[in-house]
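File shown: structure.cif. Contents: mmCIF, C-alpha atoms and all ligand atoms.
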data_input
loop_
_atom_site.label_atom_id
_atom_site.label_comp_id
_atom_site.auth_asym_id
_atom_site.auth_seq_id
_atom_site.Cartn_x
_atom_site.Cartn_y
_atom_site.Cartn_z
CA MET A 26 10.08 -1.21 -19.03
CA ARG A 27 9.23 1.84 -16.96
CA LEU A 28 11.14 0.59 -13.91
CA LYS A 29 14.20 -0.80 -15.66
CA ASP A 30 17.15 -1.12 -13.23
CA LYS A 31 15.03 0.11 -10.31
CA THR A 32 14.56 -1.71 -7.02
CA ALA A 33 11.25 -1.72 -5.15
CA LEU A 34 9.93 -2.96 -1.83
CA ILE A 35 6.18 -3.49 -1.47
CA THR A 36 4.61 -4.03 1.94
CA GLY A 37 1.56 -6.27 2.31
CA GLY A 38 2.64 -7.78 -1.00
CA ALA A 39 1.57 -11.38 -0.44
CA ARG A 40 -1.79 -10.85 -2.17
CA GLY A 41 -4.32 -8.31 -3.43
CA ILE A 42 -3.22 -4.87 -4.57
CA GLY A 43 0.31 -5.37 -3.22
CA GLY A 44 0.80 -8.72 -4.96
CA THR A 45 -0.55 -7.40 -8.25
CA THR A 46 1.73 -4.36 -8.00
CA ALA A 47 4.72 -6.64 -7.37
CA PHE A 48 4.01 -8.58 -10.60
CA LEU A 49 3.49 -5.38 -12.59
CA PHE A 50 6.69 -3.79 -11.25
CA ALA A 51 8.67 -6.94 -12.11
CA LYS A 52 7.18 -6.92 -15.63
CA GLU A 53 8.30 -3.30 -15.95
CA GLY A 54 11.90 -4.27 -15.19
CA ALA A 55 12.21 -3.71 -11.43
CA LYS A 56 13.92 -5.98 -8.94
CA VAL A 57 11.11 -6.50 -6.45
CA GLY A 58 10.96 -7.43 -2.79
CA ILE A 59 7.69 -8.07 -0.99
CA LEU A 60 7.20 -7.87 2.74
CA ASP A 61 4.26 -9.43 4.51
CA ILE A 62 3.29 -10.68 7.94
CA ARG A 63 1.88 -13.96 6.49
CA GLU A 64 4.65 -16.44 5.71
CA GLU A 65 2.24 -18.83 4.00
CA GLY A 66 0.98 -16.04 1.73
CA LEU A 67 4.53 -15.18 0.76
CA ARG A 68 5.26 -18.81 -0.10
CA LYS A 69 2.16 -18.94 -2.32
CA ILE A 70 2.93 -15.77 -4.24
CA LYS A 71 6.56 -16.79 -4.69
CA ASP A 72 5.37 -20.05 -6.28
CA GLN A 73 2.93 -18.16 -8.55
CA ALA A 74 5.73 -15.81 -9.58
CA LYS A 75 8.09 -18.69 -10.31
CA LYS A 76 5.50 -20.23 -12.64
CA LYS A 77 5.34 -16.92 -14.53
CA GLY A 78 9.15 -16.72 -14.68
CA ILE A 79 9.28 -13.79 -12.24
CA ALA A 80 11.81 -13.66 -9.39
CA LEU A 81 10.40 -12.11 -6.23
CA ARG A 82 12.40 -11.73 -3.02
CA THR A 83 10.20 -12.22 0.04
CA PHE A 84 10.59 -10.89 3.56
CA VAL A 85 8.48 -11.95 6.54
CA GLY A 86 7.82 -8.98 8.79
CA ASP A 87 5.35 -6.74 10.55
CA VAL A 88 5.32 -3.17 9.21
CA SER A 89 4.75 -1.75 12.68
CA LYS A 90 7.80 -3.39 14.26
CA LYS A 91 10.71 -0.97 13.95
CA ASP A 92 13.51 -3.46 14.66
CA GLN A 93 12.20 -6.00 12.16
CA ILE A 94 11.71 -3.37 9.46
CA GLU A 95 15.13 -1.80 9.93
CA SER A 96 16.87 -5.14 9.56
CA ILE A 97 14.75 -6.08 6.51
CA MET A 98 15.56 -2.74 4.90
CA GLN A 99 19.25 -3.31 5.56
CA GLU A 100 19.03 -6.81 4.06
CA PHE A 101 17.17 -5.45 1.03
CA VAL A 102 19.78 -2.76 0.35
CA GLN A 103 22.68 -5.16 0.88
CA GLU A 104 21.15 -7.56 -1.62
CA PHE A 105 19.84 -5.13 -4.25
CA GLY A 106 22.39 -2.33 -3.76
CA ARG A 107 19.79 0.44 -3.22
CA ILE A 108 16.10 1.15 -2.65
CA ASP A 109 14.43 3.23 -5.35
CA VAL A 110 10.75 2.67 -4.56
CA LEU A 111 8.83 1.88 -1.38
CA VAL A 112 5.11 1.08 -1.65
CA ASN A 113 3.45 1.27 1.77
CA ASN A 114 0.49 -0.96 0.97
CA ALA A 115 -0.05 -3.20 4.04
CA GLY A 116 -3.37 -2.42 5.67
CA ILE A 117 -6.12 -3.90 7.82
CA ALA A 118 -9.77 -3.10 8.52
CA ILE A 119 -11.66 -4.32 11.59
CA SER A 120 -15.40 -3.86 11.16
CA ARG A 121 -17.43 -3.26 14.35
CA PRO A 122 -20.22 -0.76 15.08
CA PHE A 123 -19.22 2.41 16.93
CA LEU A 124 -20.65 1.35 20.31
CA ASP A 125 -18.86 -2.04 20.16
CA LYS A 126 -15.56 -0.71 18.81
CA THR A 127 -12.69 -1.27 21.22
CA VAL A 128 -9.56 0.67 22.05
CA GLU A 129 -7.64 -2.44 20.93
CA ASP A 130 -9.30 -2.23 17.48
CA TRP A 131 -8.18 1.39 17.22
CA LYS A 132 -4.63 0.68 18.40
CA LYS A 133 -4.17 -2.28 16.03
CA THR A 134 -5.56 -0.36 13.05
CA LEU A 135 -3.47 2.75 13.64
CA GLU A 136 -0.40 0.64 14.35
CA VAL A 137 -0.54 -1.13 10.96
CA ASN A 138 -2.17 1.46 8.68
CA LEU A 139 -0.44 4.60 9.95
CA ILE A 140 2.52 3.90 12.23
CA GLY A 141 3.55 1.07 9.88
CA ILE A 142 3.89 3.61 7.07
CA PHE A 143 5.98 5.86 9.29
CA VAL A 144 8.26 2.99 10.39
CA CYS A 145 8.85 1.63 6.85
CA SER A 146 9.28 5.10 5.33
CA GLN A 147 11.75 6.23 7.96
CA ALA A 148 13.86 3.09 7.43
CA ALA A 149 13.79 3.52 3.63
CA ALA A 150 14.28 7.29 3.68
CA ARG A 151 17.65 6.98 5.41
CA TYR A 152 18.95 5.12 2.32
CA MET A 153 17.02 7.23 -0.21
CA LEU A 154 18.41 10.49 1.19
CA GLU A 155 21.91 9.08 1.01
CA GLN A 156 21.29 8.01 -2.61
CA LYS A 157 19.72 11.43 -3.27
CA SER A 158 16.73 9.77 -4.94
CA GLY A 159 13.68 7.72 -4.11
CA LYS A 160 9.94 7.40 -4.46
CA ILE A 161 7.52 6.53 -1.66
CA ILE A 162 3.90 5.70 -2.44
CA ASN A 163 1.48 5.44 0.47
CA ILE A 164 -1.78 3.57 0.03
CA SER A 165 -4.74 5.33 1.62
CA SER A 166 -8.38 4.72 0.67
CA ILE A 167 -11.44 6.63 -0.47
CA ARG A 168 -12.55 6.05 3.13
CA GLY A 169 -9.84 8.53 4.12
CA ILE A 170 -11.42 11.33 2.05
CA ASP A 171 -13.17 13.86 4.29
CA HIS A 172 -16.81 12.94 3.56
CA CYS A 173 -16.33 9.23 2.77
CA GLY A 174 -15.77 7.61 6.19
CA ARG A 175 -17.84 4.45 6.67
CA GLU A 176 -19.84 3.06 9.58
CA GLY A 177 -18.08 0.24 11.42
CA ILE A 178 -14.61 1.20 10.25
CA MET A 179 -14.23 4.70 11.69
CA ASP A 180 -10.74 3.77 12.93
CA TYR A 181 -9.75 2.57 9.43
CA SER A 182 -11.15 5.77 7.84
CA ALA A 183 -9.30 7.95 10.37
CA SER A 184 -6.04 6.06 9.76
CA LYS A 185 -6.42 6.47 5.99
CA ALA A 186 -7.18 10.21 6.35
CA ALA A 187 -4.03 10.52 8.45
CA VAL A 188 -2.01 8.80 5.70
CA ILE A 189 -2.94 11.61 3.29
CA SER A 190 -1.73 14.19 5.83
CA LEU A 191 1.44 12.23 6.62
CA THR A 192 2.25 12.01 2.90
CA LYS A 193 2.18 15.79 2.53
CA THR A 194 4.47 16.35 5.53
CA MET A 195 6.87 13.63 4.39
CA ALA A 196 6.95 15.17 0.91
CA LYS A 197 8.06 18.49 2.42
CA GLU A 198 10.58 16.97 4.78
CA LEU A 199 12.21 14.54 2.34
CA ALA A 200 12.37 17.00 -0.60
CA PRO A 201 14.11 17.65 -2.93
CA HIS A 202 15.41 14.14 -3.53
CA VAL A 203 12.55 11.89 -2.41
CA ASN A 204 9.02 12.12 -3.87
CA VAL A 205 6.17 11.03 -1.61
CA ASN A 206 2.62 10.55 -2.91
CA THR A 207 -0.63 8.84 -1.97
CA VAL A 208 -2.82 6.52 -3.99
CA ALA A 209 -6.36 6.21 -2.60
CA PRO A 210 -8.11 3.21 -4.15
CA GLY A 211 -11.84 2.86 -4.38
CA HIS A 212 -13.44 -0.51 -3.67
CA THR A 213 -11.20 -3.08 -5.27
CA ASN A 214 -11.87 -6.74 -5.92
CA THR A 215 -9.46 -8.33 -3.40
CA GLU A 216 -9.81 -10.66 -0.40
CA MET A 217 -10.46 -7.60 1.79
CA ILE A 218 -13.71 -6.95 -0.13
CA LYS A 219 -14.59 -10.54 -1.11
CA SER A 220 -15.17 -11.41 2.56
CA LEU A 221 -17.87 -8.71 2.99
CA PRO A 222 -21.63 -9.50 2.86
CA GLU A 223 -23.19 -9.39 -0.63
CA GLU A 224 -25.40 -6.42 0.31
CA ILE A 225 -22.39 -4.25 1.19
CA ARG A 226 -20.57 -5.25 -2.02
CA LYS A 227 -23.69 -4.30 -4.00
CA ASN A 228 -23.78 -0.86 -2.38
CA MET A 229 -20.11 -0.36 -3.18
CA ILE A 230 -20.75 -1.07 -6.86
CA GLU A 231 -23.86 1.13 -6.92
CA GLY A 232 -21.92 3.95 -5.23
CA SER A 233 -19.31 4.05 -7.96
CA TYR A 234 -20.19 6.09 -11.05
CA LEU A 235 -18.49 3.45 -13.18
CA LYS A 236 -20.79 0.81 -11.59
CA ARG A 237 -18.17 -1.78 -10.75
CA LEU A 238 -15.34 -2.62 -8.37
CA ALA A 239 -11.78 -1.75 -9.40
CA LYS A 240 -9.53 -4.54 -10.62
CA PRO A 241 -6.31 -4.75 -8.54
CA GLN A 242 -4.39 -4.12 -11.81
CA GLU A 243 -6.09 -0.72 -12.15
CA ILE A 244 -4.74 0.35 -8.76
CA ALA A 245 -1.33 -1.16 -9.51
CA LYS A 246 -1.09 0.93 -12.69
CA ALA A 247 -1.64 4.16 -10.73
CA ILE A 248 1.07 3.09 -8.26
CA LEU A 249 3.38 2.30 -11.20
CA PHE A 250 2.81 5.79 -12.63
CA LEU A 251 3.87 7.45 -9.36
CA ALA A 252 6.86 5.10 -9.03
CA SER A 253 8.08 5.81 -12.57
CA ASN A 254 10.08 8.70 -14.02
CA ASP A 255 6.81 9.97 -15.55
CA ALA A 256 5.99 11.31 -12.07
CA ASP A 257 9.37 12.92 -11.30
CA PHE A 258 7.81 16.37 -10.74
CA ILE A 259 4.91 15.16 -8.61
CA THR A 260 5.18 15.12 -4.82
CA GLY A 261 2.81 15.41 -1.85
CA GLN A 262 -0.19 14.59 -4.04
CA LEU A 263 -3.22 12.36 -3.71
CA LEU A 264 -4.29 10.22 -6.67
CA LEU A 265 -7.84 8.89 -6.28
CA VAL A 266 -8.56 5.74 -8.29
CA ASP A 267 -12.18 5.14 -7.40
CA GLY A 268 -14.44 5.05 -10.45
CA GLY A 269 -15.92 8.34 -9.27
CA PHE A 270 -17.14 7.00 -5.91
CA SER A 271 -15.86 10.07 -4.02
CA LEU A 272 -17.86 12.45 -6.25
CA LYS A 273 -20.95 11.74 -4.13
P1 LIG B 1 -5.48 -7.56 1.41
O1 LIG B 1 -6.07 -7.83 2.74
O2 LIG B 1 -5.84 -8.44 0.28
O3 LIG B 1 -3.88 -7.50 1.51
C1 LIG B 1 -3.24 -6.83 2.55
C2 LIG B 1 -1.93 -7.53 2.84
O4 LIG B 1 -1.30 -6.83 3.94
C3 LIG B 1 -2.12 -9.00 3.29
O5 LIG B 1 -1.29 -9.85 2.54
C4 LIG B 1 -1.72 -8.95 4.76
O6 LIG B 1 -1.14 -10.16 5.22
C5 LIG B 1 -0.73 -7.80 4.80
N1 LIG B 1 -0.56 -7.25 6.15
C6 LIG B 1 -1.53 -7.01 7.07
N2 LIG B 1 -0.98 -6.55 8.21
C7 LIG B 1 0.37 -6.51 8.01
C8 LIG B 1 1.46 -6.13 8.82
N3 LIG B 1 1.29 -5.70 10.08
N4 LIG B 1 2.70 -6.20 8.29
C9 LIG B 1 2.89 -6.66 7.03
N5 LIG B 1 1.89 -7.05 6.22
C10 LIG B 1 0.64 -6.95 6.70
O7 LIG B 1 -5.85 -6.03 1.09
P2 LIG B 1 -5.96 -5.23 -0.29
O8 LIG B 1 -7.38 -5.13 -0.63
O9 LIG B 1 -4.99 -5.73 -1.28
O10 LIG B 1 -5.52 -3.78 0.22
C11 LIG B 1 -4.21 -3.30 0.10
C12 LIG B 1 -4.19 -1.85 0.60
O11 LIG B 1 -5.15 -1.08 -0.13
C13 LIG B 1 -4.57 -1.71 2.07
O12 LIG B 1 -3.81 -0.68 2.65
C14 LIG B 1 -6.03 -1.30 2.02
O13 LIG B 1 -6.44 -0.60 3.14
C15 LIG B 1 -6.04 -0.45 0.77
N6 LIG B 1 -7.36 -0.33 0.15
C16 LIG B 1 -8.04 -1.44 -0.29
C17 LIG B 1 -9.29 -1.29 -0.86
C18 LIG B 1 -10.10 -2.47 -1.36
O14 LIG B 1 -11.27 -2.25 -1.71
N7 LIG B 1 -9.56 -3.66 -1.45
C19 LIG B 1 -9.85 0.00 -0.98
C20 LIG B 1 -9.13 1.08 -0.53
C21 LIG B 1 -7.88 0.91 0.02
#

Take the structure from the file and write it as structure tokens.
Amino acid sequence: MRLKDKTALITGGARGIGGTTAFLFAKEGAKVGILDIREEGLRKIKDQAKKKGIALRTFVGDVSKKDQIESIMQEFVQEFGRIDVLVNNAGIAISRPFLDKTVEDWKKTLEVNLIGIFVCSQAAARYMLEQKSGKIINISSIRGIDHCGREGIMDYSASKAAVISLTKTMAKELAPHVNVNTVAPGHTNTEMIKSLPEEIRKNMIEGSYLKRLAKPQEIAKAILFLASNDADFITGQLLLVDGGFSLK
């Protein structure tokens, strides 16, 4: 029970890495809220949780919309009493070759993947600083590592690189009471990857030294580590969970 008596809010928690993290956190004793833009997805995961005997509180919202996020954060704190952990997991990728990429693609991607993290973190940090404790975990990607950007998703890669930078600045500015760290997953077996052509999936597996995709649970466990008291002296750091992909 590494999160006993803790409260946690996970963005983009209706499925994939976020949903798996929500279940793991609840199993470890946390009171968990999940925020997602897809109401239907939230309904589904709430039903799944109920069947497993897990209570999840769901919030419909868009991470990039400041007003929505501030009122959700207020609701969360009123209901749970405090916010100990924020996992900024919501993310999107729009694949289009460089010459076809649009300014709208860029704006949408940066709005969700980067500004969304700023908006949610700012709203949570106000409470965390008052409590004099808190943990924020930002989800980047191996695509955000300097030499790992990928064709077609240059805007995604740039947003994920910026998340690593933002984490370090937030860690300085919110110290000494709030720890801020990044988890950068490698290719992970979620809907985001399942929808890609077989050839690309094959290359992803070949590119990893461990010769497979990550299971969402393997990413969730790294997030749990940084959210737990085991990581109390870690801040501003990047934890790569990529089966060695970034060694290339
Ligand atoms: P996913 O697409 O399965 O889940 C993402 C969730 O975010 C969805 O439920 C979606 O509805 C939600 N979301 C999207 N836009 C939102 C918004 N504006 N506001 C609130 N919620 C929103 O993705 P996943 O594979 O579970 O990825 C989770 C995170 O991990 C993302 O940040 C992604 O970039 C990152 N990541 C994934 C992989 C991978 O291989 N799957 C690799 C590296 C990094």

List all protein, DNA and RNA residues that have an atom no more than 9 Å from any atom of ligand LIG 1 (chain B), counting only C-alpha atoms and all ligand atoms, and report them as a compact mmCIF listing (two decimals) with C-alpha atoms, in the coordinates of the input.
# COMPACT_ATOMS: atom_id res chain seq x y z
CA THR A 36 4.61 -4.03 1.94
CA GLY A 37 1.56 -6.27 2.31
CA GLY A 38 2.64 -7.78 -1.00
CA ALA A 39 1.57 -11.38 -0.44
CA ARG A 40 -1.79 -10.85 -2.17
CA GLY A 41 -4.32 -8.31 -3.43
CA ILE A 42 -3.22 -4.87 -4.57
CA GLY A 43 0.31 -5.37 -3.22
CA GLY A 44 0.80 -8.72 -4.96
CA THR A 45 -0.55 -7.40 -8.25
CA LEU A 60 7.20 -7.87 2.74
CA ASP A 61 4.26 -9.43 4.51
CA ILE A 62 3.29 -10.68 7.94
CA ARG A 63 1.88 -13.96 6.49
CA GLU A 64 4.65 -16.44 5.71
CA GLY A 66 0.98 -16.04 1.73
CA LEU A 67 4.53 -15.18 0.76
CA VAL A 85 8.48 -11.95 6.54
CA GLY A 86 7.82 -8.98 8.79
CA ASP A 87 5.35 -6.74 10.55
CA VAL A 88 5.32 -3.17 9.21
CA SER A 89 4.75 -1.75 12.68
CA LYS A 90 7.80 -3.39 14.26
CA ASN A 113 3.45 1.27 1.77
CA ASN A 114 0.49 -0.96 0.97
CA ALA A 115 -0.05 -3.20 4.04
CA GLY A 116 -3.37 -2.42 5.67
CA ILE A 117 -6.12 -3.90 7.82
CA ALA A 118 -9.77 -3.10 8.52
CA LYS A 133 -4.17 -2.28 16.03
CA GLU A 136 -0.40 0.64 14.35
CA VAL A 137 -0.54 -1.13 10.96
CA ASN A 138 -2.17 1.46 8.68
CA GLY A 141 3.55 1.07 9.88
CA ASN A 163 1.48 5.44 0.47
CA ILE A 164 -1.78 3.57 0.03
CA SER A 165 -4.74 5.33 1.62
CA SER A 166 -8.38 4.72 0.67
CA ILE A 167 -11.44 6.63 -0.47
CA ARG A 168 -12.55 6.05 3.13
CA GLY A 169 -9.84 8.53 4.12
CA TYR A 181 -9.75 2.57 9.43
CA LYS A 185 -6.42 6.47 5.99
CA VAL A 208 -2.82 6.52 -3.99
CA ALA A 209 -6.36 6.21 -2.60
CA PRO A 210 -8.11 3.21 -4.15
CA GLY A 211 -11.84 2.86 -4.38
CA HIS A 212 -13.44 -0.51 -3.67
CA THR A 213 -11.20 -3.08 -5.27
CA ASN A 214 -11.87 -6.74 -5.92
CA THR A 215 -9.46 -8.33 -3.40
CA GLU A 216 -9.81 -10.66 -0.40
CA MET A 217 -10.46 -7.60 1.79
CA ILE A 218 -13.71 -6.95 -0.13
CA LYS A 219 -14.59 -10.54 -1.11
CA LEU A 238 -15.34 -2.62 -8.37
CA ALA A 239 -11.78 -1.75 -9.40
CA PRO A 241 -6.31 -4.75 -8.54
CA ILE A 244 -4.74 0.35 -8.76
CA ASP A 267 -12.18 5.14 -7.40

Which of these residues is nearest to A:Tyr152, using only C-alpha atoms: A:Gly106, A:Pro122, A:Gly177, A:Gly54?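 Nearest candidate to A:Tyr152 out of A:Gly106, A:Pro122, A:Gly177, A:Gly54: A:Gly106.
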
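Put simply, atom CA of A:Thr192 is 28.2 Å away from atom CA of A:Ile230.
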
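The interatomic distance for the pair atom CA of A:Lys76 and atom CA of A:Lys31 works out to 22.6 Å.
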
Put a box with edges along x, y and z around all the listed atoms of stretch 73-89 of chain A, pad it by 4 Å on each side, then give me its centre and sizes in Å, one decimal, as AutoDock Vina command-line options.
--center_x 7.7 --center_y -11.0 --center_z -1.0 --size_x 17.5 --size_y 26.5 --size_z 35.4

Would you work out the distance separating atom CA of A:Ser120 from atom CA of A:Asp92, expressed in Å to one decimal? 29.1 Å

Using all atoms listed in the file, which residue out of A:Gln242, A:Asn228, A:Ser184, A:Ser253 lies closest to A:Lys132?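 Nearest candidate to A:Lys132 out of A:Gln242, A:Asn228, A:Ser184, A:Ser253: A:Ser184.
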